[in-house]
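Quick notes on the structure that follows.
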Amino acid sequence: MQQAMTVRTSKAAIPRPEIESADGVGRRAEVKAVEAVRVRRVLCTFGLLMAVGASVAGCGEEKKTPEYVGAGEVCDGLFKGSLAKTIESVTGATSFAWTNPNAMDRVADALEAGYESGHRWAQGDTLCRIAPEGVGREGRAGIAFSMYAPQDVGDLRLPAGGKLYTMGKQSEATPTSAALYFECVSSRFEGSKNRPMRILGNFGRPRGHEQNLSDSRELNLTVLHAASLAVAKKLQCENNGGLPEKPVLEPRTAN
């Protein structure tokens, strides 16, 4: 069984109330004040501020995270501004589950570990899960990054509805997905001037909100470009890994 935690208080640290008289009234006030401080500290220690009116003072600066946010706040604000409308178009939603803001650091660390492993390819991490309010797993979209093998670029086989684009080392999109390959030379990756870090971004979303084949593909690639550019900047890639500041949606002819 888990033992109850004993919370000790220092008398010197407890503010003494005004003593009203010597007949015990002041003493009772002091006891109540001591008990109130002890209760506050116990509640703060165990994170039980819920039922006591969330207004129990003295817990420091605990910040509440929202359950749902707008499109401009998903993925730690990655799609703020005009891109928020793109996310709404892609998902058909305007309210999304809040996601952890530390994902970019995890992606950067995973890519760095993959590069240092010396392997030709390596699994990375998920940058963002875009979960519209009221939908299950099947209705979510997501963006992930990994390290690709050299031979992956140049393989122009595409799934049904797929199309190639000129952005990055290679880019492609279908009505429900997009992939973007780019290389990164950065001081974060020792030796990358001779052996650039090979980064693959992937975006996937459920069926059901395709405008038409062309529009859907370009929206998917627009979303992935924004995420890929953010990763390139996080990793301090020279020339942003060759990615433009704005997405280039020019189709490429397969040779």
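Residue numbering restarts at 1 for every chain of the structure tokens, chains are lettered A, B, ... in their displayed order, and ligands are numbered from 1 as they appear.
The neighbours of Pro150 (chain A) here are the residues that come within 9 Å of it, using only C-alpha atoms and leaving out any residue fewer than 4 positions away in the same chain; they are A:Arg120, A:Trp121, A:Gly154, A:Arg198.
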- Query: Which residues come within 7 Å of Tyr181 (chain A), counting only C-alpha atoms, excluding same-chain residues fewer than 5 positions away, as a list in words?
  - Reply: Gly168, Lys169, Gln170, Ser171, Ile199, Leu200 and Gly201 of chain A
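Summary of the local environment: counting only C-alpha atoms, residues at most 10 Å from Val74 (chain A), other than itself and those fewer than 2 positions away along its chain, are Tyr68, Val69, Gly70, Ala71, Gly72, Asp76, Gly77, Leu78, Phe79, Lys80, Ala84, Ile87, Ser95, Phe96, Ala97, Trp98, Thr99, Asn100, Pro101, Cys128, Arg129, Ile130 and Ala131 of chain A.
When CA of Pro244 (chain A) is paired with CA of Gly118 (chain A), their separation reads 28.3 Å.
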inquiry  = Quick check for you: according to DSSP on this backbone, which residues of region 142-215 of chain A are classed as strand (DSSP E or B)? Reply as a PyMOL selection string.
reply    = chain A and resi 142-147+163-165+170-174+177-184+197-204
As a check of understanding: the span from CA of Cys184 (chain A) to CA of Arg217 (chain A) is 24.9 Å
